[in-house]
$ cat input30.cif   # mmCIF, C-alpha atoms
data_my_file
#
loop_
_atom_site.label_atom_id
_atom_site.label_comp_id
_atom_site.auth_asym_id
_atom_site.auth_seq_id
_atom_site.Cartn_x
_atom_site.Cartn_y
_atom_site.Cartn_z
CA MET C 277 -43.04 -30.21 -29.89
CA SER C 278 -46.27 -28.50 -28.90
CA ALA C 279 -48.89 -27.83 -31.54
CA ASN C 280 -48.91 -24.09 -30.86
CA LEU C 281 -45.20 -23.70 -31.61
CA THR C 282 -45.50 -25.37 -35.00
CA ILE C 283 -48.52 -23.39 -36.09
CA LYS C 284 -46.78 -20.08 -35.50
CA THR C 285 -44.40 -20.92 -38.34
CA PHE C 286 -47.11 -20.44 -41.01
CA ARG C 287 -46.25 -18.21 -43.92
CA LYS C 288 -47.64 -14.76 -44.72
CA GLU C 289 -49.47 -15.77 -47.93
CA MET C 290 -51.97 -18.01 -46.19
CA SER C 291 -55.02 -15.94 -46.95
CA TRP C 292 -58.46 -17.18 -47.88
CA VAL C 293 -58.88 -15.31 -51.17
CA ARG C 294 -56.07 -15.16 -53.68
CA LYS C 295 -55.26 -14.39 -57.27
CA THR C 296 -52.28 -16.37 -58.51
CA GLU C 297 -50.54 -16.48 -61.88
CA GLN C 298 -51.72 -19.32 -64.12
CA SER C 299 -49.77 -21.20 -66.79
CA TRP C 300 -51.20 -21.13 -70.35
CA VAL C 301 -52.07 -24.84 -70.09
CA HIS C 302 -54.07 -24.13 -66.96
CA ARG C 303 -55.84 -21.20 -68.61
CA LEU C 304 -56.60 -23.27 -71.74
CA CYS C 305 -58.08 -26.18 -69.75
CA GLN C 306 -60.16 -23.72 -67.78
CA GLN C 307 -61.56 -22.13 -70.91
CA VAL C 308 -62.31 -25.52 -72.50
CA LEU C 309 -64.17 -26.64 -69.38
CA LYS C 310 -66.22 -23.46 -69.33
CA CYS C 311 -67.58 -24.35 -72.80
CA GLY C 312 -69.75 -27.01 -71.23
CA PRO C 313 -71.88 -27.35 -68.11
CA VAL C 314 -70.02 -26.75 -64.88
CA PRO C 315 -71.39 -27.83 -61.47
CA LYS C 316 -72.93 -25.01 -59.48
CA HIS C 317 -71.90 -26.44 -56.12
CA VAL C 318 -68.90 -28.59 -55.30
CA ALA C 319 -68.10 -30.15 -51.94
CA PHE C 320 -64.62 -31.11 -50.76
CA ILE C 321 -63.90 -33.74 -48.14
CA MET C 322 -60.53 -32.83 -46.69
CA ASP C 323 -58.79 -36.13 -46.22
CA GLY C 324 -55.13 -37.10 -46.15
CA ASN C 325 -53.46 -34.25 -44.25
CA ARG C 326 -51.82 -36.64 -41.81
CA ARG C 327 -50.67 -39.04 -44.53
CA PHE C 328 -49.21 -36.08 -46.40
CA ALA C 329 -47.34 -34.99 -43.26
CA VAL C 330 -45.90 -38.48 -42.75
CA LYS C 331 -44.87 -38.78 -46.40
CA ASN C 332 -43.09 -35.41 -46.32
CA SER C 333 -41.63 -35.79 -42.81
CA LEU C 334 -43.69 -32.96 -41.39
CA GLU C 335 -45.48 -32.52 -38.10
CA ARG C 336 -49.18 -33.39 -38.21
CA ALA C 337 -50.10 -29.79 -37.51
CA GLU C 338 -48.02 -28.72 -40.54
CA GLY C 339 -49.95 -31.28 -42.62
CA HIS C 340 -53.19 -29.57 -41.65
CA ILE C 341 -51.77 -26.14 -42.51
CA MET C 342 -50.74 -27.41 -45.95
CA GLY C 343 -54.24 -28.84 -46.28
CA PHE C 344 -55.67 -25.38 -45.77
CA GLU C 345 -53.24 -24.00 -48.35
CA LYS C 346 -54.49 -26.49 -50.90
CA LEU C 347 -58.09 -25.69 -50.03
CA ALA C 348 -57.51 -21.99 -50.68
CA LYS C 349 -56.04 -22.90 -54.08
CA ALA C 350 -59.03 -25.12 -54.84
CA LEU C 351 -61.34 -22.23 -53.97
CA GLU C 352 -59.51 -20.09 -56.49
CA TRP C 353 -59.88 -22.78 -59.18
CA CYS C 354 -63.58 -23.05 -58.46
CA SER C 355 -64.07 -19.33 -58.64
CA ASN C 356 -62.25 -19.20 -62.00
CA LEU C 357 -64.40 -22.01 -63.40
CA GLY C 358 -67.60 -20.32 -62.37
CA ILE C 359 -68.43 -22.68 -59.50
CA MET C 360 -70.19 -20.30 -57.19
CA GLU C 361 -70.83 -22.45 -54.14
CA VAL C 362 -68.26 -24.60 -52.36
CA THR C 363 -68.75 -26.73 -49.26
CA VAL C 364 -65.83 -27.97 -47.23
CA TYR C 365 -66.01 -30.80 -44.70
CA ALA C 366 -63.38 -29.52 -42.32
CA PHE C 367 -63.90 -31.20 -38.96
CA SER C 368 -66.28 -33.99 -38.01
CA ILE C 369 -67.59 -34.57 -34.48
CA GLU C 370 -65.92 -37.98 -34.82
CA ASN C 371 -62.56 -36.18 -35.13
CA PHE C 372 -62.81 -35.14 -31.48
CA LYS C 373 -61.70 -38.72 -30.78
CA ARG C 374 -58.18 -37.80 -31.89
CA SER C 375 -55.37 -36.95 -29.48
CA LYS C 376 -55.73 -33.78 -27.41
CA ASP C 377 -52.64 -32.33 -29.12
CA GLU C 378 -54.04 -32.83 -32.58
CA VAL C 379 -57.51 -31.51 -31.72
CA ASP C 380 -55.95 -28.48 -29.97
CA GLY C 381 -53.78 -27.91 -33.04
CA LEU C 382 -56.81 -27.98 -35.34
CA MET C 383 -58.73 -25.60 -33.08
CA GLU C 384 -55.73 -23.25 -33.08
CA LEU C 385 -55.62 -23.40 -36.89
CA ALA C 386 -59.32 -22.55 -36.99
CA ARG C 387 -58.82 -19.71 -34.51
CA GLN C 388 -56.07 -18.19 -36.64
CA LYS C 389 -57.81 -18.68 -40.00
CA PHE C 390 -61.07 -17.16 -38.84
CA ALA C 391 -59.18 -14.28 -37.25
CA LYS C 392 -57.32 -13.73 -40.57
CA LEU C 393 -60.69 -13.63 -42.30
CA LEU C 394 -61.60 -10.51 -40.37
CA GLN C 395 -58.49 -8.80 -41.80
CA GLU C 396 -59.48 -9.68 -45.36
CA LYS C 397 -62.90 -8.00 -45.29
CA GLU C 398 -62.11 -5.76 -48.27
CA ASN C 399 -60.98 -8.65 -50.45
CA LEU C 400 -63.94 -10.79 -49.45
CA ASP C 401 -66.40 -7.98 -50.18
CA LYS C 402 -64.72 -7.31 -53.53
CA HIS C 403 -65.25 -10.95 -54.55
CA GLY C 404 -68.65 -11.11 -52.90
CA VAL C 405 -67.75 -14.13 -50.77
CA CYS C 406 -70.29 -15.18 -48.14
CA ILE C 407 -68.97 -17.53 -45.49
CA ARG C 408 -71.28 -19.85 -43.60
CA VAL C 409 -70.24 -22.26 -40.89
CA LEU C 410 -72.42 -25.32 -40.41
CA GLY C 411 -72.35 -27.80 -37.55
CA ASN C 412 -72.88 -28.12 -33.83
CA LEU C 413 -70.86 -25.04 -32.90
CA ASN C 414 -71.63 -25.51 -29.19
CA LEU C 415 -69.03 -28.26 -29.18
CA LEU C 416 -66.23 -25.84 -30.08
CA PRO C 417 -64.09 -23.81 -27.64
CA HIS C 418 -65.81 -20.52 -26.80
CA ASP C 419 -63.26 -18.26 -28.45
CA VAL C 420 -63.45 -20.28 -31.70
CA GLN C 421 -67.24 -19.85 -31.61
CA VAL C 422 -66.73 -16.09 -31.27
CA ALA C 423 -64.25 -16.00 -34.18
CA VAL C 424 -66.67 -18.01 -36.33
CA ALA C 425 -69.60 -15.76 -35.43
CA ASN C 426 -67.59 -12.66 -36.34
CA ALA C 427 -66.54 -14.10 -39.70
CA VAL C 428 -70.08 -15.16 -40.61
CA ASN C 429 -71.47 -11.78 -39.57
CA LEU C 430 -68.84 -9.94 -41.54
CA THR C 431 -69.63 -11.64 -44.84
CA LYS C 432 -73.36 -12.26 -44.52
CA HIS C 433 -74.35 -9.58 -47.01
CA ASN C 434 -72.16 -10.95 -49.80
CA ALA C 435 -74.00 -12.91 -52.47
CA ARG C 436 -71.71 -13.69 -55.37
CA ALA C 437 -69.94 -16.79 -54.03
CA VAL C 438 -70.73 -18.96 -51.02
CA LEU C 439 -68.32 -20.97 -48.92
CA ASN C 440 -69.87 -23.43 -46.47
CA VAL C 441 -67.45 -24.67 -43.82
CA CYS C 442 -68.71 -27.79 -42.07
CA PHE C 443 -67.26 -27.67 -38.61
CA ALA C 444 -68.28 -30.10 -35.81
CA TYR C 445 -70.77 -31.99 -37.94
CA THR C 446 -72.03 -35.47 -38.50
CA SER C 447 -74.99 -36.18 -40.75
CA ARG C 448 -76.92 -37.77 -37.89
CA ASP C 449 -76.27 -34.84 -35.60
CA GLU C 450 -77.58 -32.49 -38.29
CA ILE C 451 -80.72 -34.58 -38.83
CA CYS C 452 -81.21 -34.74 -35.07
CA SER C 453 -80.88 -30.93 -34.78
CA ALA C 454 -83.48 -30.52 -37.47
CA MET C 455 -85.87 -32.88 -35.66
CA ARG C 456 -85.38 -30.94 -32.42
CA ASP C 457 -86.15 -27.68 -34.22
CA VAL C 458 -89.32 -29.22 -35.64
CA ALA C 459 -90.36 -30.55 -32.21
CA HIS C 460 -89.72 -27.10 -30.74
CA GLY C 461 -91.83 -25.54 -33.46
CA VAL C 462 -94.70 -27.92 -32.78
CA GLU C 463 -94.40 -27.35 -29.03
CA GLN C 464 -94.58 -23.58 -29.56
CA GLY C 465 -97.49 -23.88 -31.94
CA ILE C 466 -95.46 -22.46 -34.82
CA ILE C 467 -95.75 -25.70 -36.80
CA ARG C 468 -99.08 -27.44 -36.98
CA ASP C 469 -99.18 -31.21 -36.71
CA ARG C 470 -101.67 -32.71 -39.14
CA MET F 68 -61.62 -14.30 -81.40
CA LEU F 69 -64.40 -16.27 -83.06
CA PHE F 70 -61.90 -18.85 -84.37
CA TYR F 71 -60.55 -19.25 -80.82
CA ASP F 72 -64.05 -19.90 -79.44
CA VAL F 73 -64.69 -22.52 -82.13
CA LEU F 74 -61.36 -24.16 -81.28
CA LEU F 75 -62.28 -24.32 -77.56
CA GLN F 76 -65.70 -25.78 -78.36
CA SER F 77 -64.10 -28.44 -80.59
CA ILE F 78 -61.61 -29.48 -77.92
CA HIS F 79 -64.51 -29.71 -75.46
CA LEU F 80 -66.48 -31.90 -77.88
CA VAL F 81 -63.54 -34.25 -78.44
CA VAL F 82 -62.92 -34.62 -74.72
CA THR F 83 -66.63 -35.24 -74.03
CA TRP F 84 -66.91 -37.96 -76.66
CA GLY F 85 -63.62 -39.50 -75.57
CA THR F 86 -64.79 -39.80 -71.95
CA LEU F 87 -68.14 -41.26 -73.08
CA LEU F 88 -66.39 -43.85 -75.24
CA VAL F 89 -64.18 -44.99 -72.39
CA SER F 90 -67.18 -45.45 -70.07
CA TRP F 91 -69.11 -47.40 -72.74
CA MET F 92 -66.16 -49.74 -73.12
CA ALA F 93 -66.34 -50.51 -69.41
CA ILE F 94 -69.91 -51.75 -69.91
CA PHE F 95 -69.52 -53.69 -73.17
CA VAL F 96 -65.94 -54.93 -73.33
CA LYS F 97 -65.90 -56.53 -69.90
CA PRO F 98 -68.49 -59.27 -70.67
CA TRP F 99 -66.32 -60.42 -73.61
CA LYS F 100 -63.24 -60.72 -71.44
CA LEU F 101 -65.05 -62.76 -68.85
CA SER F 102 -66.73 -65.23 -71.18
CA GLN F 103 -64.05 -67.85 -70.56
CA LYS F 104 -65.19 -71.12 -69.03
CA THR F 105 -65.69 -70.74 -65.29
CA ARG F 106 -66.07 -73.54 -62.83
CA PRO F 107 -69.68 -74.54 -62.01
CA LEU F 108 -71.38 -72.67 -59.20
CA ASN F 109 -73.15 -74.48 -56.41
CA LEU F 110 -73.69 -73.99 -52.71
CA SER F 111 -70.42 -75.56 -51.59
CA SER F 112 -68.25 -73.72 -54.17
CA ILE F 113 -69.80 -70.35 -53.25
CA TYR F 114 -69.57 -71.11 -49.55
CA SER F 115 -65.87 -71.96 -49.86
CA ASP F 116 -65.35 -68.62 -51.69
CA SER F 117 -66.87 -66.87 -48.68
CA LYS F 118 -64.27 -68.46 -46.41
CA LEU F 119 -61.51 -66.76 -48.42
CA LEU F 120 -62.94 -63.26 -47.94
CA GLN F 121 -61.38 -60.99 -45.32
CA LYS F 122 -64.79 -59.96 -44.10
CA LEU F 123 -68.34 -60.57 -45.16
CA PRO F 124 -71.02 -57.89 -44.94
CA ILE F 125 -73.82 -58.62 -42.48
CA HIS F 126 -76.24 -56.46 -44.46
CA ILE F 127 -75.71 -55.77 -48.16
CA GLY F 128 -77.68 -53.22 -50.17
CA PHE F 129 -78.19 -53.32 -53.94
CA LEU F 130 -79.12 -50.04 -55.57
CA PHE F 131 -80.68 -50.50 -59.00
CA LEU F 132 -80.35 -47.06 -60.50
CA GLU F 133 -81.02 -48.13 -64.08
CA ASP F 134 -84.24 -47.73 -66.06
CA ASP F 135 -84.66 -51.43 -66.82
CA LEU F 136 -84.72 -53.94 -64.01
CA SER F 137 -83.95 -57.59 -64.63
CA CYS F 138 -85.68 -59.88 -62.13
CA THR F 139 -83.52 -62.79 -63.19
CA ASP F 140 -80.27 -61.01 -62.37
CA ILE F 141 -81.66 -59.61 -59.13
CA ALA F 142 -82.77 -63.11 -58.09
CA THR F 143 -79.30 -64.42 -59.00
CA LEU F 144 -77.67 -61.83 -56.74
CA ILE F 145 -79.93 -62.85 -53.86
CA VAL F 146 -79.09 -66.53 -54.29
CA TRP F 147 -75.34 -65.77 -54.39
CA CYS F 148 -75.65 -63.69 -51.19
CA MET F 149 -77.58 -66.43 -49.41
CA SER F 150 -74.97 -69.00 -50.37
CA LEU F 151 -72.14 -66.77 -49.15
CA GLY F 152 -73.82 -66.41 -45.77
CA ILE F 153 -75.16 -62.83 -46.03
CA SER F 154 -78.51 -62.87 -44.29
CA TYR F 155 -79.75 -59.26 -44.62
CA ILE F 156 -80.29 -57.92 -48.13
CA SER F 157 -81.81 -54.63 -49.28
CA LEU F 158 -83.03 -54.09 -52.81
CA TYR F 159 -83.54 -50.47 -53.76
CA ASP F 160 -84.99 -48.80 -56.77
CA ARG F 161 -86.06 -45.22 -56.59
CA LYS F 162 -89.64 -45.52 -57.78
CA GLY F 163 -90.51 -48.77 -55.97
CA ILE F 164 -90.91 -50.89 -59.11
CA LEU F 165 -89.47 -53.93 -57.34
CA LYS F 166 -91.99 -53.59 -54.51
CA ARG F 167 -94.82 -53.84 -57.02
CA ASN F 168 -93.22 -56.60 -59.07
CA ALA F 169 -95.21 -59.83 -58.86
CA PHE F 170 -92.53 -62.01 -60.45
CA LEU F 171 -89.62 -61.44 -58.09
CA GLU F 172 -90.57 -64.17 -55.64
CA THR F 173 -91.11 -66.82 -58.28
CA GLU F 174 -87.87 -65.82 -59.97
CA ILE F 175 -85.98 -66.20 -56.69
CA VAL F 176 -87.42 -69.69 -56.18
CA ARG F 177 -86.51 -70.61 -59.76
CA LYS F 178 -82.94 -69.37 -59.41
CA GLN F 179 -82.54 -71.19 -56.10
CA LYS F 180 -83.46 -74.48 -57.77
CA GLU F 181 -81.24 -73.74 -60.76
CA LEU F 182 -78.13 -72.77 -58.80
CA LEU F 183 -78.46 -74.75 -55.60
CA GLY F 184 -80.22 -77.91 -56.79
CA LYS F 185 -80.95 -80.15 -53.83
CA ASP F 186 -79.80 -77.45 -51.38
CA ALA F 187 -82.48 -75.04 -52.62
CA THR F 188 -84.96 -75.73 -49.86
CA ARG F 189 -82.59 -75.22 -46.96
CA PHE F 190 -83.02 -71.42 -46.89
CA ASN F 191 -86.05 -69.50 -45.60
CA ILE F 192 -86.44 -66.22 -47.44
CA PHE F 193 -88.67 -63.45 -46.09
CA LEU F 194 -89.54 -60.52 -48.35
CA HIS F 195 -90.46 -57.24 -46.64
CA ARG F 196 -92.20 -54.59 -48.69
CA HIS F 197 -92.85 -51.91 -46.10
CA PHE F 198 -90.37 -50.04 -43.95
CA PHE F 199 -92.66 -48.83 -41.18
CA ASN F 200 -95.31 -51.20 -39.90
CA ARG F 201 -93.62 -54.39 -40.94
CA GLU F 202 -93.94 -57.65 -39.02
CA LYS F 203 -91.19 -58.11 -36.52
CA LEU F 204 -88.32 -60.21 -37.74
CA VAL F 205 -87.99 -63.62 -36.12
CA VAL F 206 -85.90 -63.19 -32.97
CA GLU F 207 -84.25 -66.58 -32.95
CA ARG F 208 -82.31 -66.42 -36.16
CA ASN F 209 -80.47 -69.29 -37.74
CA ILE F 210 -77.95 -69.09 -40.56
CA ASN F 211 -80.50 -70.26 -43.10
CA GLN F 212 -82.89 -67.38 -42.56
CA ILE F 213 -82.62 -64.64 -45.14
CA ASP F 214 -84.42 -61.32 -44.80
CA VAL F 215 -84.84 -59.20 -47.90
CA GLN F 216 -86.30 -55.71 -47.75
CA LEU F 217 -87.60 -53.97 -50.86
CA LEU F 218 -87.08 -50.24 -50.57
CA SER F 219 -87.79 -47.11 -52.53
CA GLU F 220 -87.25 -43.39 -52.11
CA GLU F 221 -90.19 -43.00 -49.71
CA ASP F 222 -88.45 -45.23 -47.17
CA GLY F 223 -85.57 -42.81 -46.85
CA ARG F 224 -86.39 -39.19 -46.08
CA GLN F 225 -90.08 -39.88 -45.57
CA SER F 226 -89.26 -42.30 -42.75
CA LEU F 227 -87.27 -39.55 -41.10
CA VAL F 228 -90.23 -37.18 -41.51
CA ARG F 229 -92.49 -39.75 -39.86
CA THR F 230 -89.96 -40.15 -37.07
CA ALA F 231 -89.81 -36.39 -36.56
CA ARG F 232 -93.59 -36.30 -36.43
CA GLN F 233 -93.75 -39.04 -33.78
CA PHE F 234 -91.12 -37.35 -31.63
CA SER F 235 -92.83 -33.96 -31.99
CA ARG F 236 -96.11 -35.46 -30.82
CA ALA F 237 -94.40 -37.06 -27.85
CA VAL F 238 -92.88 -33.69 -26.92
CA ALA F 239 -96.21 -31.91 -27.37
CA VAL F 240 -97.94 -34.26 -24.89
CA LYS F 241 -95.01 -33.89 -22.49
CA GLN F 242 -94.06 -37.55 -22.86
CA TYR F 243 -90.62 -36.51 -24.07
CA LYS F 244 -88.37 -33.49 -23.55
CA ILE F 245 -86.69 -31.97 -26.59
CA SER F 246 -83.35 -32.98 -25.13
CA ASP F 247 -84.54 -36.60 -25.29
CA ILE F 248 -84.29 -36.36 -29.08
CA SER F 249 -80.74 -37.53 -29.73
CA PRO F 250 -79.01 -39.50 -32.48
CA SER F 251 -79.22 -42.62 -30.32
CA THR F 252 -82.96 -42.34 -29.53
CA ILE F 253 -83.68 -41.72 -33.21
CA ASP F 254 -81.53 -44.71 -34.14
CA THR F 255 -83.30 -46.95 -31.60
CA PHE F 256 -86.66 -45.83 -32.97
CA LEU F 257 -85.73 -46.60 -36.60
CA LEU F 258 -84.14 -49.93 -35.66
CA ASP F 259 -87.29 -50.90 -33.84
CA LYS F 260 -89.30 -50.22 -37.00
CA SER F 261 -87.09 -52.03 -39.49
CA SER F 262 -85.20 -54.61 -37.43
CA PHE F 263 -82.41 -54.54 -40.02
CA PRO F 264 -78.89 -53.57 -38.95
CA ASP F 265 -77.23 -50.70 -40.85
CA PRO F 266 -75.88 -51.80 -44.23
CA ASP F 267 -72.10 -52.29 -44.20
CA LEU F 268 -71.84 -52.54 -47.97
CA VAL F 269 -73.86 -51.00 -50.78
CA LEU F 270 -73.42 -51.95 -54.44
CA ARG F 271 -74.63 -49.34 -56.88
CA PHE F 272 -75.67 -50.37 -60.39
CA GLY F 273 -75.98 -47.65 -62.99
CA ALA F 274 -74.15 -44.58 -64.18
CA VAL F 275 -75.37 -42.21 -61.47
CA ASP F 276 -72.81 -41.30 -58.79
CA SER F 277 -75.41 -40.94 -56.08
CA LEU F 278 -77.39 -43.08 -53.65
CA LEU F 279 -80.57 -41.35 -54.91
CA GLY F 280 -82.33 -41.36 -51.57
CA PHE F 281 -81.37 -44.75 -50.20
CA LEU F 282 -81.74 -44.85 -46.39
CA PRO F 283 -79.84 -41.61 -45.63
CA TRP F 284 -79.76 -42.22 -41.87
CA GLN F 285 -78.52 -45.81 -42.06
CA VAL F 286 -75.61 -45.33 -44.49
CA ARG F 287 -73.42 -43.43 -42.04
CA LEU F 288 -70.54 -45.92 -42.18
CA THR F 289 -71.47 -47.84 -45.31
CA GLU F 290 -68.87 -48.74 -47.90
CA ILE F 291 -70.17 -47.80 -51.34
CA LEU F 292 -68.94 -49.63 -54.44
CA SER F 293 -70.30 -49.61 -57.98
CA LEU F 294 -70.74 -51.59 -61.15
CA PRO F 295 -71.98 -50.13 -64.44
CA THR F 296 -74.97 -52.47 -64.72
CA HIS F 297 -76.75 -55.37 -63.04
CA HIS F 298 -77.78 -56.90 -66.37
CA ASN F 299 -75.98 -60.20 -66.96
CA ILE F 300 -74.11 -59.71 -63.71
CA ASP F 301 -71.29 -62.20 -63.46
CA TYR F 302 -70.14 -63.94 -60.34
CA LYS F 303 -66.47 -62.98 -60.67
CA SER F 304 -67.20 -59.23 -60.74
CA PHE F 305 -69.44 -59.59 -57.72
CA LEU F 306 -66.82 -61.56 -55.81
CA ARG F 307 -64.16 -59.01 -56.72
CA LEU F 308 -66.23 -56.27 -55.10
CA LEU F 309 -66.63 -58.35 -51.94
CA GLN F 310 -62.86 -58.79 -51.89
CA ALA F 311 -62.45 -55.00 -52.23
CA PHE F 312 -64.87 -54.59 -49.33
CA GLY F 313 -62.72 -56.93 -47.27
CA ASP F 314 -59.67 -54.77 -47.90
CA THR F 315 -61.18 -51.51 -46.66
CA LYS F 316 -59.90 -49.99 -43.43
CA GLN F 317 -62.13 -47.71 -41.41
CA ARG F 318 -60.70 -45.24 -38.91
CA PHE F 319 -64.05 -43.83 -37.74
CA GLY F 320 -62.72 -40.26 -37.50
CA LYS F 321 -59.70 -41.08 -35.38
#
$ encode --input "input30.cif" --output "structure tokens"
Amino acid sequence: MSANLTIKTFRKEMSWVRKTEQSWVHRLCQQVLKCGPVPKHVAFIMDGNRRFAVKNSLERAEGHIMGFEKLAKALEWCSNLGIMEVTVYAFSIENFKRSKDEVDGLMELARQKFAKLLQEKENLDKHGVCIRVLGNLNLLPHDVQVAVANAVNLTKHNARAVLNVCFAYTSRDEICSAMRDVAHGVEQGIIRDR
Amino acid sequence: MLFYDVLLQSIHLVVTWGTLLVSWMAIFVKPWKLSQKTRPLNLSSIYSDSKLLQKLPIHIGFLFLEDDLSCTDIATLIVWCMSLGISYISLYDRKGILKRNAFLETEIVRKQKELLGKDATRFNIFLHRHFFNREKLVVERNINQIDVQLLSEEDGRQSLVRTARQFSRAVAVKQYKISDISPSTIDTFLLDKSSFPDPDLVLRFGAVDSLLGFLPWQVRLTEILSLPTHHNIDYKSFLRLLQAFGDTKQRFGK
């Protein structure tokens, strides 16, 4: 079964920003936690989508979709607890090593999620969510780059909550990019070498 | 409403103290449980333990993230590693206290004699205190050569700053193009400076869940395990962590 076919079966509620009903236990725990210090910035490493799919007899692509669902829930929990900055490690450059089908499926998921973002502008502005995408975006398919650019542009003026999506990253690639920028600055005379 | 706030605060207090208690027990109760008689340690017993491990790290890093450092326990760890056949060891403390410690070398020699007896002199230990500008490691290595590097926070990010500076200069004098700066050229440059392979295992001692600046570039694929403290470190706990290391499976992104 092709990845594209499976992805099209995603449900309507899969938006980025949501407000769901909470049980009293959930609300109580939340209020207790807010009595003490709460981290200002939490990062999530999204691991286990494929294992989840295998365990629940789903397609891999479906596992990734469910992973996104859970992420959106986690974002809601963070927002309720007063955690104002969240970073998500979504796709490493190392993940390009996976099968073409799986990588295509993940790119399609990204394409659809970033496109959905554009439809949720009102909601995002209401909650003041600023979305940043970090990584070597040149490695992504062109249309995904465009979707990402649109989403980032759309939310750049929001300042209440920040979501950093790490997409096509590795720590060494990031450090290398920074060194290149510095070398470029020195070459152009913008940065002085002492 | 005020009563409700007080109730929430009290629950929070109870949970905080409860969590603290549990973590204290991990530090103090464990030594009691392990005080049973253990068989004597010597080179051959430790070496035979190494044969039972799934895999042995080539380069092990010890992060001492506690306020008090015990030279005796650190020396003990080094002697255990040598006996197991681990020939690259990194010792890290944030402020560089170990680098300036005059007693570490003598303590290592003392512990070697104490634990290894007649086998003490078989190993050649080299201590390196500087990351950049260190003497090149001996090319022809044998299994009895042990290299120990003493590191602090300045060897992490600051080394990367120095690297960036060198590359920028090379670009400015047209020796390099910007596109020549790649993860592999940076890696080659750093490897040339330190001559140590990347650490495959790092053991963190202390309550902080962070590497606190330890070699950020080199820990890309490093397995990180922790123990609450290095004080009175016991062999069984150490071995257990090495066994856990042997059980890890790495998929490298695939």
$ resolve_selection --input "input30.cif" --expression "the PyMOL selection byres ((chain C) within 7 of (chain F))" --output "PyMOL selection string"
chain C and resi 308-309+311+370-371+373-374+448-449+452+455-456+458-459+462-463
$ resolve_selection --input "input30.cif" --expression "the PyMOL selection byres ((chain F and resi 288-298) around 6)" --output "CSV table (one decimal) with C-alpha atoms, keeping the file's coordinate frame"
chain,number,residue,atom,x,y,z
F,267,ASP,CA,-72.1,-52.3,-44.2
F,268,LEU,CA,-71.8,-52.5,-48.0
F,269,VAL,CA,-73.9,-51.0,-50.8
F,270,LEU,CA,-73.4,-52.0,-54.4
F,271,ARG,CA,-74.6,-49.3,-56.9
F,272,PHE,CA,-75.7,-50.4,-60.4
F,273,GLY,CA,-76.0,-47.6,-63.0
F,274,ALA,CA,-74.2,-44.6,-64.2
F,286,VAL,CA,-75.6,-45.3,-44.5
F,287,ARG,CA,-73.4,-43.4,-42.0
F,299,ASN,CA,-76.0,-60.2,-67.0
F,300,ILE,CA,-74.1,-59.7,-63.7
$ residues_around --input "input30.cif" --residues "Ala142 in chain F" --least-positions-apart "6" --cutoff "12 Å" --atoms "all atoms listed in the file" --output "list in words"
Phe129, Leu136, Cys148, Met149, Ile156, Leu158, Leu165, Phe170, Leu171, Glu172, Thr173, Glu174, Ile175, Val176, Arg177, Lys178, Gln179, Lys180, Glu181, Leu182, Ile192, Val215, His297, His298, Asn299 and Ile300 of chain F
$ closest_residue --input "input30.cif" --among "C:Val428, C:Ile466, C:Leu382, C:Ile407" --to "Glu338 in chain C" --atoms "all atoms listed in the file"
C:Leu382
$ resolve_selection --input "input30.cif" --expression "the PyMOL selection byres ((chain C and resi 435) around 7)" --output "ChimeraX atom specification"
/C:404-406,433-434,436-437
$ closest_residue --input "input30.cif" --among "C:Asn426, C:Thr363, C:Asn325, C:Asn332" --to "Lys346 in chain C" --atoms "all atoms listed in the file"
C:Asn325
$ residues_near_point --input "input30.cif" --point "(-69.1, -23.4, -52.9)" --cutoff "7 Å" --atoms "all atoms listed in the file" --output "mmCIF file with C-alpha atoms, in the frame of the given file"
data_model
loop_
_atom_site.group_PDB
_atom_site.id
_atom_site.type_symbol
_atom_site.label_atom_id
_atom_site.label_comp_id
_atom_site.auth_asym_id
_atom_site.auth_seq_id
_atom_site.Cartn_x
_atom_site.Cartn_y
_atom_site.Cartn_z
ATOM 1 C CA HIS C 317 -71.900 -26.440 -56.120
ATOM 2 C CA VAL C 318 -68.900 -28.590 -55.300
ATOM 3 C CA ALA C 319 -68.100 -30.150 -51.940
ATOM 4 C CA ILE C 359 -68.430 -22.680 -59.500
ATOM 5 C CA MET C 360 -70.190 -20.300 -57.190
ATOM 6 C CA GLU C 361 -70.830 -22.450 -54.140
ATOM 7 C CA VAL C 362 -68.260 -24.600 -52.360
ATOM 8 C CA THR C 363 -68.750 -26.730 -49.260
ATOM 9 C CA ALA C 437 -69.940 -16.790 -54.030
ATOM 10 C CA VAL C 438 -70.730 -18.960 -51.020
ATOM 11 C CA LEU C 439 -68.320 -20.970 -48.920
ATOM 12 C CA ASN C 440 -69.870 -23.430 -46.470
#
$ closest_residue --input "input30.cif" --among "F:Lys260, F:Lys162, F:Arg167, F:Lys203" --to "Glu221 in chain F" --atoms "only C-alpha atoms"
F:Lys162
$ atom_distance --input "input30.cif" --atom1 "CA of Ser150 in chain F" --atom2 "CA of Leu194 in chain F"
17.0 Å
$ atom_distance --input "input30.cif" --atom1 "CA of Ser262 in chain F" --atom2 "CA of Arg224 in chain F"
17.7 Å
